[in-house]
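protein37.tsv (TSV, C-alpha atoms) appears below.
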chain	number	residue	atom	x	y	z
D	108	MET	CA	94.35	-26.68	131.04
D	109	LYS	CA	96.40	-23.67	129.97
D	110	LYS	CA	99.83	-23.93	128.38
D	111	GLU	CA	101.10	-21.65	131.19
D	112	HIS	CA	100.40	-24.45	133.67
D	113	LEU	CA	102.99	-26.70	132.06
D	114	PRO	CA	105.92	-26.80	134.53
D	115	PRO	CA	109.33	-25.52	133.34
D	116	ASN	CA	110.84	-29.02	133.51
D	117	ALA	CA	108.21	-30.49	131.11
D	118	LYS	CA	109.73	-31.98	127.95
D	119	ARG	CA	107.98	-32.53	124.63
D	120	VAL	CA	108.40	-36.28	124.02
D	121	PHE	CA	106.15	-36.62	120.96
D	122	THR	CA	105.14	-34.24	118.15
D	123	GLY	CA	102.18	-35.28	116.03
D	124	VAL	CA	99.72	-33.95	113.49
D	125	ILE	CA	97.41	-32.27	116.01
D	126	PHE	CA	98.67	-33.64	119.34
D	127	ASP	CA	101.99	-33.22	121.16
D	128	VAL	CA	102.86	-35.08	124.36
D	129	TYR	CA	104.73	-33.54	127.33
D	130	GLN	CA	106.19	-35.38	130.34
D	131	TRP	CA	107.86	-34.31	133.56
D	132	ASP	CA	108.78	-35.62	136.99
D	133	GLN	CA	106.30	-34.23	139.49
D	134	LYS	CA	107.30	-33.79	143.12
D	135	MET	CA	104.49	-35.16	145.31
D	136	TYR	CA	103.30	-34.00	148.75
D	137	ASP	CA	105.25	-36.78	150.47
D	138	GLY	CA	108.53	-35.85	148.74
D	139	SER	CA	108.39	-38.73	146.23
D	140	THR	CA	108.43	-38.17	142.46
D	141	LYS	CA	106.02	-39.44	139.82
D	142	PRO	CA	106.03	-39.24	136.01
D	143	PHE	CA	103.28	-36.81	134.90
D	144	GLU	CA	102.01	-36.48	131.36
D	145	VAL	CA	99.73	-34.14	129.41
D	146	VAL	CA	98.95	-33.67	125.74
D	147	ALA	CA	98.68	-30.42	123.84
D	148	ARG	CA	96.14	-30.22	121.06
D	149	ARG	CA	95.88	-27.57	118.32
D	150	ASP	CA	93.47	-24.85	119.44
D	151	THR	CA	90.10	-24.41	117.77
D	152	VAL	CA	87.94	-21.40	116.98
D	153	VAL	CA	84.13	-21.41	116.99
D	154	VAL	CA	82.12	-18.70	115.23
D	155	ILE	CA	78.49	-17.78	116.04
D	156	PRO	CA	77.46	-15.95	112.84
D	157	VAL	CA	74.50	-13.57	113.14
D	158	ILE	CA	72.39	-12.74	110.09
D	159	GLY	CA	69.49	-10.40	110.90
D	160	ASN	CA	67.75	-11.95	113.91
D	161	LYS	CA	68.94	-15.47	113.08
D	162	ILE	CA	72.00	-17.57	113.92
D	163	LEU	CA	73.76	-19.63	111.28
D	164	ILE	CA	74.39	-23.22	112.24
D	165	GLN	CA	75.75	-26.08	110.13
D	166	HIS	CA	74.86	-29.72	109.59
D	167	GLU	CA	78.26	-31.33	109.08
D	168	GLN	CA	79.45	-34.72	107.91
D	169	GLN	CA	83.03	-35.97	108.23
D	170	PRO	CA	84.56	-39.04	106.60
D	171	GLN	CA	85.53	-40.88	109.82
D	172	ARG	CA	82.15	-40.33	111.50
D	173	GLU	CA	78.75	-41.83	110.76
D	174	GLU	CA	76.44	-39.26	112.34
D	175	THR	CA	75.69	-35.73	111.21
D	176	VAL	CA	76.91	-33.14	113.69
D	177	ILE	CA	75.11	-29.81	114.22
D	178	ALA	CA	77.56	-27.05	115.08
D	179	PRO	CA	78.50	-23.44	114.39
D	180	PRO	CA	81.29	-22.83	111.85
D	181	GLY	CA	84.83	-23.21	113.12
D	182	GLY	CA	87.95	-25.27	112.97
D	183	ARG	CA	91.58	-25.55	113.85
D	184	ARG	CA	93.76	-22.53	114.42
D	185	ASP	CA	96.97	-22.78	112.36
D	186	GLU	CA	100.21	-22.39	114.27
D	187	ASP	CA	101.17	-18.70	114.59
D	188	GLU	CA	97.69	-17.69	113.38
D	189	GLU	CA	95.83	-15.18	115.56
D	190	PRO	CA	92.53	-16.58	116.89
D	191	LEU	CA	90.52	-13.80	115.19
D	192	ALA	CA	92.28	-14.44	111.87
D	193	ALA	CA	91.47	-18.14	112.19
D	194	ALA	CA	87.82	-17.33	112.97
D	195	LYS	CA	87.54	-15.07	109.91
D	196	ARG	CA	89.21	-17.67	107.70
D	197	GLU	CA	86.98	-20.53	108.91
D	198	LEU	CA	83.79	-18.47	108.52
D	199	LEU	CA	84.78	-17.48	104.98
D	200	GLU	CA	85.85	-21.00	103.92
D	201	GLU	CA	82.88	-22.82	105.41
D	202	THR	CA	80.10	-20.33	104.63
D	203	GLY	CA	81.43	-17.78	102.13
D	204	TYR	CA	80.49	-15.04	104.61
D	205	THR	CA	82.40	-12.16	106.16
D	206	ALA	CA	81.18	-10.16	109.16
D	207	ASP	CA	81.27	-6.42	109.90
D	208	THR	CA	81.57	-6.82	113.68
D	209	TRP	CA	83.64	-9.39	115.54
D	210	GLU	CA	83.69	-10.03	119.26
D	211	LEU	CA	85.66	-12.62	121.19
D	212	TRP	CA	82.94	-14.01	123.45
D	213	ARG	CA	84.89	-16.59	125.45
D	214	THR	CA	88.20	-18.35	125.84
D	215	GLU	CA	87.95	-21.83	127.37
D	216	TYR	CA	90.32	-24.56	128.51
D	217	PRO	CA	87.81	-27.39	128.57
D	218	HIS	CA	89.84	-30.48	129.53
D	219	ASN	CA	92.04	-31.65	132.38
D	220	LYS	CA	95.47	-32.91	131.32
D	221	ILE	CA	94.98	-31.52	127.81
D	222	ILE	CA	96.46	-28.19	126.84
D	223	TYR	CA	93.74	-26.92	124.55
D	224	THR	CA	91.93	-23.62	124.03
D	225	ILE	CA	88.56	-23.02	122.38
D	226	TYR	CA	88.03	-19.41	121.26
D	227	THR	CA	84.37	-18.58	120.61
D	228	PHE	CA	83.60	-15.50	118.53
D	229	ILE	CA	80.38	-13.66	117.69
D	230	ALA	CA	80.32	-12.52	114.05
D	231	ARG	CA	77.59	-9.92	113.54
D	232	ASP	CA	76.16	-8.45	110.32
D	233	CYS	CA	77.39	-11.32	108.15
D	234	HIS	CA	77.11	-11.08	104.40
D	235	ALA	CA	78.04	-13.44	101.58
D	236	VAL	CA	81.15	-12.57	99.56
D	237	GLN	CA	82.00	-15.90	97.93
D	238	LYS	CA	80.98	-19.56	97.73
D	239	GLN	CA	81.85	-22.21	100.34
D	240	GLN	CA	85.43	-23.46	99.91
D	241	LEU	CA	85.37	-26.84	101.61
D	242	ASP	CA	88.30	-29.21	101.75
D	243	GLY	CA	87.86	-32.84	100.72
D	244	GLY	CA	86.96	-33.85	104.27
D	245	GLU	CA	83.92	-31.62	104.79
D	246	LYS	CA	80.26	-31.78	103.80
D	247	ILE	CA	78.43	-28.81	105.26
D	248	THR	CA	74.82	-27.61	104.95
D	249	PRO	CA	74.05	-24.19	106.49
D	250	LYS	CA	70.79	-23.51	108.41
D	251	LEU	CA	69.44	-20.26	109.86
D	252	ILE	CA	67.85	-20.73	113.27
D	253	THR	CA	66.17	-18.47	115.85
D	254	PHE	CA	67.59	-17.69	119.28
D	255	ASP	CA	65.04	-20.08	120.85
D	256	GLU	CA	66.07	-22.87	118.48
D	257	PHE	CA	69.69	-22.14	119.36
D	258	LEU	CA	68.92	-22.56	123.09
D	259	MET	CA	67.12	-25.85	122.41
D	260	LEU	CA	70.21	-27.29	120.71
D	261	SER	CA	71.27	-28.02	124.32
D	262	ASP	CA	68.82	-30.96	124.22
D	263	ASN	CA	69.93	-32.22	120.80
D	264	PRO	CA	72.38	-35.14	120.98
D	265	ALA	CA	73.74	-34.15	117.54
D	266	PHE	CA	74.90	-30.74	118.82
D	267	GLY	CA	78.67	-30.83	118.57
D	268	GLU	CA	79.80	-27.85	120.67
D	269	LYS	CA	79.38	-29.54	124.05
D	270	HIS	CA	81.24	-26.70	125.80
D	271	LEU	CA	78.31	-24.35	124.98
D	272	ILE	CA	75.59	-26.62	126.45
D	273	PRO	CA	75.77	-25.36	130.07
D	274	THR	CA	75.42	-21.76	128.84
D	275	LEU	CA	72.38	-22.64	126.72
D	276	LEU	CA	70.79	-24.55	129.64
D	277	ARG	CA	71.43	-21.63	132.03
D	278	ALA	CA	69.74	-19.25	129.58
D	279	ARG	CA	66.71	-21.57	129.61
D	280	LEU	CA	66.81	-21.71	133.42
D	281	ASP	CA	67.11	-18.02	134.19
D	282	ALA	CA	65.48	-15.02	132.45
D	283	GLU	CA	68.40	-12.71	133.26
D	284	GLN	CA	70.98	-15.07	131.83
D	285	ARG	CA	68.75	-15.52	128.79
D	286	GLU	CA	68.63	-11.78	128.19
D	287	GLU	CA	72.36	-11.48	128.75
D	288	LEU	CA	73.07	-14.22	126.18
D	289	TYR	CA	70.70	-12.58	123.71
D	290	LYS	CA	72.62	-9.30	124.08
D	291	ILE	CA	75.97	-11.05	123.70
D	292	ILE	CA	74.86	-12.65	120.45
D	293	PHE	CA	72.74	-9.90	118.87
D	294	GLY	CA	74.35	-6.90	120.56
D	295	GLU	CA	71.03	-5.39	121.59
D	296	LYS	CA	68.05	-5.85	123.90
D	297	LYS	CA	65.30	-8.20	122.79
K	268	MET	CA	85.11	-41.02	121.02
K	269	LYS	CA	84.89	-44.78	121.45
K	270	LYS	CA	87.82	-47.10	120.85
K	271	GLU	CA	85.59	-48.98	118.37
K	272	HIS	CA	85.65	-45.93	116.11
K	273	LEU	CA	89.38	-46.25	115.56
K	274	PRO	CA	89.76	-47.49	111.95
K	275	PRO	CA	91.49	-50.86	111.36
K	276	ASN	CA	94.46	-49.18	109.66
K	277	ALA	CA	95.21	-46.96	112.70
K	278	LYS	CA	98.70	-47.50	114.13
K	279	ARG	CA	99.84	-46.71	117.67
K	280	VAL	CA	102.76	-44.32	117.12
K	281	PHE	CA	103.37	-43.32	120.76
K	282	THR	CA	102.80	-45.05	124.11
K	283	GLY	CA	102.93	-42.85	127.20
K	284	VAL	CA	102.08	-42.84	130.89
K	285	ILE	CA	98.38	-42.09	130.42
K	286	PHE	CA	98.17	-41.14	126.73
K	287	ASP	CA	98.78	-43.15	123.56
K	288	VAL	CA	98.72	-41.63	120.08
K	289	TYR	CA	97.21	-43.29	116.98
K	290	GLN	CA	97.58	-42.21	113.36
K	291	TRP	CA	96.12	-43.35	110.07
K	292	ASP	CA	95.63	-42.22	106.49
K	293	GLN	CA	92.02	-41.14	106.07
K	294	LYS	CA	90.37	-41.31	102.67
K	295	MET	CA	88.51	-38.04	102.11
K	296	TYR	CA	85.26	-37.41	100.17
K	297	ASP	CA	87.18	-36.19	97.12
K	298	GLY	CA	89.36	-39.34	96.97
K	299	SER	CA	92.44	-37.66	98.48
K	300	THR	CA	94.12	-38.92	101.66
K	301	LYS	CA	94.99	-37.01	104.83
K	302	PRO	CA	96.90	-38.00	107.99
K	303	PHE	CA	94.42	-38.30	110.88
K	304	GLU	CA	95.40	-38.53	114.53
K	305	VAL	CA	93.68	-39.25	117.84
K	306	VAL	CA	94.93	-39.90	121.35
K	307	ALA	CA	93.72	-42.55	123.76
K	308	ARG	CA	93.66	-41.69	127.44
K	309	ARG	CA	93.30	-44.09	130.38
K	310	ASP	CA	89.64	-44.33	131.36
K	311	THR	CA	88.37	-42.90	134.61
K	312	VAL	CA	85.67	-43.95	137.07
K	313	VAL	CA	83.54	-41.53	139.09
K	314	VAL	CA	81.63	-42.65	142.19
K	315	ILE	CA	78.58	-40.85	143.67
K	316	PRO	CA	78.56	-42.25	147.24
K	317	VAL	CA	75.23	-42.08	149.08
K	318	ILE	CA	75.15	-42.04	152.88
K	319	GLY	CA	71.63	-41.75	154.29
K	320	ASN	CA	70.01	-38.85	152.41
K	321	LYS	CA	73.35	-37.17	151.68
K	322	ILE	CA	75.93	-37.37	148.92
K	323	LEU	CA	79.63	-37.53	149.68
K	324	ILE	CA	81.76	-35.05	147.79
K	325	GLN	CA	85.47	-34.24	148.16
K	326	HIS	CA	87.57	-31.11	148.29
K	327	GLU	CA	90.76	-32.16	146.54
K	328	GLN	CA	94.20	-30.65	146.11
K	329	GLN	CA	96.83	-31.91	143.69
K	330	PRO	CA	100.49	-30.93	143.52
K	331	GLN	CA	100.50	-29.48	139.98
K	332	ARG	CA	97.35	-27.40	140.53
K	333	GLU	CA	96.79	-24.29	142.64
K	334	GLU	CA	93.01	-24.39	143.13
K	335	THR	CA	90.98	-26.80	145.22
K	336	VAL	CA	88.69	-28.97	143.12
K	337	ILE	CA	85.29	-30.18	144.36
K	338	ALA	CA	84.45	-33.60	142.95
K	339	PRO	CA	83.07	-37.02	143.78
K	340	PRO	CA	85.60	-39.78	144.51
K	341	GLY	CA	87.14	-41.46	141.49
K	342	GLY	CA	90.29	-41.94	139.50
K	343	ARG	CA	92.02	-43.83	136.76
K	344	ARG	CA	91.02	-47.34	135.79
K	345	ASP	CA	94.06	-49.62	135.70
K	346	GLU	CA	94.62	-51.54	132.50
K	347	ASP	CA	92.66	-54.83	132.52
K	348	GLU	CA	90.72	-53.66	135.59
K	349	GLU	CA	86.92	-53.87	135.34
K	350	PRO	CA	85.25	-50.44	135.71
K	351	LEU	CA	83.27	-51.62	138.78
K	352	ALA	CA	86.44	-52.97	140.43
K	353	ALA	CA	88.16	-49.63	139.79
K	354	ALA	CA	85.19	-47.76	141.29
K	355	LYS	CA	85.22	-49.94	144.43
K	356	ARG	CA	88.98	-49.53	144.78
K	357	GLU	CA	88.90	-45.74	144.36
K	358	LEU	CA	86.01	-45.34	146.84
K	359	LEU	CA	87.83	-47.45	149.41
K	360	GLU	CA	91.22	-45.74	148.94
K	361	GLU	CA	89.92	-42.18	148.92
K	362	THR	CA	87.19	-42.44	151.58
K	363	GLY	CA	87.66	-45.72	153.48
K	364	TYR	CA	84.07	-46.64	152.53
K	365	THR	CA	82.49	-49.65	150.88
K	366	ALA	CA	78.94	-49.71	149.50
K	367	ASP	CA	76.24	-52.39	149.65
K	368	THR	CA	74.64	-51.45	146.33
K	369	TRP	CA	76.44	-50.46	143.14
K	370	GLU	CA	74.88	-49.22	139.93
K	371	LEU	CA	76.60	-48.11	136.74
K	372	TRP	CA	74.75	-44.87	136.06
K	373	ARG	CA	76.39	-43.75	132.81
K	374	THR	CA	79.17	-44.45	130.35
K	375	GLU	CA	80.40	-41.38	128.49
K	376	TYR	CA	82.85	-40.60	125.70
K	377	PRO	CA	83.21	-36.88	126.37
K	378	HIS	CA	85.78	-35.67	123.82
K	379	ASN	CA	86.23	-35.58	120.07
K	380	LYS	CA	89.51	-37.05	118.82
K	381	ILE	CA	90.23	-38.53	122.26
K	382	ILE	CA	89.46	-42.17	122.98
K	383	TYR	CA	88.37	-41.87	126.59
K	384	THR	CA	85.54	-43.28	128.69
K	385	ILE	CA	84.17	-41.96	131.98
K	386	TYR	CA	82.18	-44.55	133.95
K	387	THR	CA	79.95	-42.99	136.62
K	388	PHE	CA	78.67	-45.25	139.41
K	389	ILE	CA	76.16	-44.75	142.20
K	390	ALA	CA	77.35	-46.35	145.46
K	391	ARG	CA	74.42	-46.65	147.89
K	392	ASP	CA	74.43	-47.55	151.60
K	393	CYS	CA	78.08	-46.66	152.10
K	394	HIS	CA	79.80	-47.48	155.38
K	395	ALA	CA	83.31	-46.92	156.66
K	396	VAL	CA	85.57	-49.97	156.84
K	397	GLN	CA	89.04	-48.38	156.98
K	398	LYS	CA	90.89	-45.06	156.90
K	399	GLN	CA	91.66	-43.09	153.71
K	400	GLN	CA	94.69	-44.51	151.88
K	401	LEU	CA	95.89	-41.60	149.79
K	402	ASP	CA	98.96	-41.66	147.60
K	403	GLY	CA	101.55	-38.89	147.90
K	404	GLY	CA	99.81	-36.79	145.26
K	405	GLU	CA	96.41	-36.45	146.95
K	406	LYS	CA	94.99	-34.23	149.70
K	407	ILE	CA	91.31	-34.97	150.12
K	408	THR	CA	88.69	-33.64	152.56
K	409	PRO	CA	85.26	-35.36	152.46
K	410	LYS	CA	81.99	-33.38	152.79
K	411	LEU	CA	78.40	-34.63	153.01
K	412	ILE	CA	75.96	-32.53	150.99
K	413	THR	CA	72.24	-32.58	150.26
K	414	PHE	CA	70.69	-33.32	146.87
K	415	ASP	CA	69.94	-29.60	146.42
K	416	GLU	CA	73.55	-28.69	147.21
K	417	PHE	CA	74.64	-31.33	144.71
K	418	LEU	CA	72.48	-29.72	141.99
K	419	MET	CA	73.92	-26.29	142.80
K	420	LEU	CA	77.48	-27.54	142.21
K	421	SER	CA	76.60	-26.88	138.55
K	422	ASP	CA	77.15	-23.16	139.30
K	423	ASN	CA	80.40	-23.68	141.24
K	424	PRO	CA	83.53	-23.03	139.13
K	425	ALA	CA	85.49	-25.37	141.44
K	426	PHE	CA	83.29	-28.35	140.52
K	427	GLY	CA	85.60	-30.74	138.68
K	428	GLU	CA	83.23	-33.19	137.00
K	429	LYS	CA	82.27	-30.94	134.11
K	430	HIS	CA	80.58	-33.84	132.31
K	431	LEU	CA	77.87	-33.91	135.04
K	432	ILE	CA	77.01	-30.19	134.80
K	433	PRO	CA	74.38	-30.46	132.01
K	434	THR	CA	72.56	-33.18	134.00
K	435	LEU	CA	72.54	-31.05	137.16
K	436	LEU	CA	71.30	-28.01	135.21
K	437	ARG	CA	68.54	-30.07	133.54
K	438	ALA	CA	67.39	-31.28	136.97
K	439	ARG	CA	67.13	-27.63	138.07
K	440	LEU	CA	65.27	-26.76	134.85
K	441	ASP	CA	62.69	-29.53	134.86
K	442	ALA	CA	60.80	-31.10	137.79
K	443	GLU	CA	60.54	-34.49	136.07
K	444	GLN	CA	64.25	-34.67	135.36
K	445	ARG	CA	64.90	-33.60	138.93
K	446	GLU	CA	62.78	-36.43	140.29
K	447	GLU	CA	64.39	-38.89	137.90
K	448	LEU	CA	67.88	-37.86	139.03
K	449	TYR	CA	66.83	-38.12	142.68
K	450	LYS	CA	65.63	-41.68	142.05
K	451	ILE	CA	68.82	-42.59	140.20
K	452	ILE	CA	70.94	-41.43	143.11
K	453	PHE	CA	68.85	-42.47	146.13
K	454	GLY	CA	66.96	-45.34	144.54
K	455	GLU	CA	63.57	-44.13	145.75
K	456	LYS	CA	60.94	-41.41	145.33
K	457	LYS	CA	61.47	-38.16	147.20
Mind converting the file's structure to structure tokens?
Amino acid sequence: MKKEHLPPNAKRVFTGVIFDVYQWDQKMYDGSTKPFEVVARRDTVVVIPVIGNKILIQHEQQPQREETVIAPPGGRRDEDEEPLAAAKRELLEETGYTADTWELWRTEYPHNKIIYTIYTFIARDCHAVQKQQLDGGEKITPKLITFDEFLMLSDNPAFGEKHLIPTLLRARLDAEQREELYKIIFGEKK
Amino acid sequence: MKKEHLPPNAKRVFTGVIFDVYQWDQKMYDGSTKPFEVVARRDTVVVIPVIGNKILIQHEQQPQREETVIAPPGGRRDEDEEPLAAAKRELLEETGYTADTWELWRTEYPHNKIIYTIYTFIARDCHAVQKQQLDGGEKITPKLITFDEFLMLSDNPAFGEKHLIPTLLRARLDAEQREELYKIIFGEKK
């Protein structure tokens, strides 16, 4: 859900590291009142980096998780940080790359009862300017994959960006949507 | 994520209406320690009710939301309530139906950093035994739809069970997966 959907009488009752909790009394259809509750989570940015005709994807390990996750670069947006600034920072830290062309592809509010936004950017014409600068909680191996391999990540249980799966499946289902996605990512006709 | 993935040193630091918050100190790869945080949300059950060769779906309105949501019956599992008992209760309350045959179709943990389980049941051979018993926060209109209409809900922005969308798209993409899904829902070959 969007932050704008929080009613004016909602009160923040808990402030955490990445989650806050809001509560309010909700008037029901029958005139009664019920306690309602949502959480707000720090927003995240996702970057689809394009290098030539390939997409950069990462095999990631995190300390509290057993399995390797396959996902594009990205991470948490700092408070008061613009989404694009966060995307540039995460791409640089995780890959050492900067990009000449940035486009905000989509802004999503993926969960009910959770105030949370995922900003997905396309970063075209990426080039290396420094080494990876990972924090102590990241182990990341970059891989360059083709557009077809990117679409097939929708069948890979290790793919971590679940919010992209319907788009990848639709591109496999429909030639027009496939071409449209190709243009969105590479900025040109196949 | 699953509750089992919560580390033993995690402490519940907030208890809410539907969300609890847990925190712990996570040892990182470089030996340093960082505060980690997840929330736990009450589990939900989803019921796919089958009546003849149709699927029952609901058009739902809720007081804090403007748009109508299209979704199968379902709702929150009470604490200490078995998932199947919650599914039977929600089907009866929302539709007035009971079912002769119940199958747990899938158990999902859809979000990172959120301990939350969605149990999806198939309820076959449904028949009406009472009227809807809605609470003051529900307005629900039932609709009977075909299997094909059910698959096409994957393209409908009003469809509320986002976790089912990849399965519906895969059934549209692949004849075998389509037949498999048909069997799962109707318990027979088309």
| message | Residues of chain D were defined as contacting chain K if any atom lay at most 8 Å from it, counting all atoms listed in the file; please report them as a list of chain:residue names. | response | D:Phe121, D:Gly123, D:Val124, D:Ile125, D:Phe126, D:Gln133, D:Lys134, D:Met135, D:Tyr136, D:Asp137, D:Gly138, D:Ser139, D:Pro142, D:Phe143, D:Glu144, D:Val145, D:Val146, D:Pro170, D:Gln171, D:Gly243, D:Gly244, D:Glu245, D:Ile272, D:Pro273, D:Leu276, D:Arg277, D:Arg279, D:Leu280
If you count only C-alpha atoms, which residues fall within 7 Å of region 316-318 of chain K, apart from same-chain ones fewer than 3 positions away, as a PyMOL selection string?
chain K and resi 321-323+389-393
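For the point (85.3, -49.8, 142.9), the residues with an atom at a distance of at most 9 Å are Val312, Val314, Gly341, Glu349, Pro350, Leu351, Ala352, Ala353, Ala354, Lys355, Arg356, Glu357, Leu358, Leu359, Thr365, Trp369 and Phe388 of chain K, counting all atoms listed in the file.
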With C-alpha atoms retained, export the selected residues as a tab-separated table (two decimals), in the frame of the given file.
chain	number	residue	atom	x	y	z
K	312	VAL	CA	85.67	-43.95	137.07
K	314	VAL	CA	81.63	-42.65	142.19
K	341	GLY	CA	87.14	-41.46	141.49
K	349	GLU	CA	86.92	-53.87	135.34
K	350	PRO	CA	85.25	-50.44	135.71
K	351	LEU	CA	83.27	-51.62	138.78
K	352	ALA	CA	86.44	-52.97	140.43
K	353	ALA	CA	88.16	-49.63	139.79
K	354	ALA	CA	85.19	-47.76	141.29
K	355	LYS	CA	85.22	-49.94	144.43
K	356	ARG	CA	88.98	-49.53	144.78
K	357	GLU	CA	88.90	-45.74	144.36
K	358	LEU	CA	86.01	-45.34	146.84
K	359	LEU	CA	87.83	-47.45	149.41
K	365	THR	CA	82.49	-49.65	150.88
K	369	TRP	CA	76.44	-50.46	143.14
K	388	PHE	CA	78.67	-45.25	139.41
Near-region 423-426 of chain K list (12 Å; only C-alpha atoms; drop same-chain fewer than 6 positions) as a compact mmCIF listing (two decimals) with C-alpha atoms, in the frame of the given file:
# COMPACT_ATOMS: atom_id res chain seq x y z
CA ILE K 324 81.76 -35.05 147.79
CA GLN K 325 85.47 -34.24 148.16
CA HIS K 326 87.57 -31.11 148.29
CA GLU K 327 90.76 -32.16 146.54
CA GLN K 328 94.20 -30.65 146.11
CA GLU K 333 96.79 -24.29 142.64
CA GLU K 334 93.01 -24.39 143.13
CA THR K 335 90.98 -26.80 145.22
CA VAL K 336 88.69 -28.97 143.12
CA ILE K 337 85.29 -30.18 144.36
CA ALA K 338 84.45 -33.60 142.95
CA PRO K 339 83.07 -37.02 143.78
CA GLU K 416 73.55 -28.69 147.21
CA PHE K 417 74.64 -31.33 144.71
CA ILE K 432 77.01 -30.19 134.80
CA LEU K 435 72.54 -31.05 137.16
CA LEU K 436 71.30 -28.01 135.21
Students should find that CA of Tyr376 (chain K) and CA of Thr311 (chain K) are spaced 10.7 Å
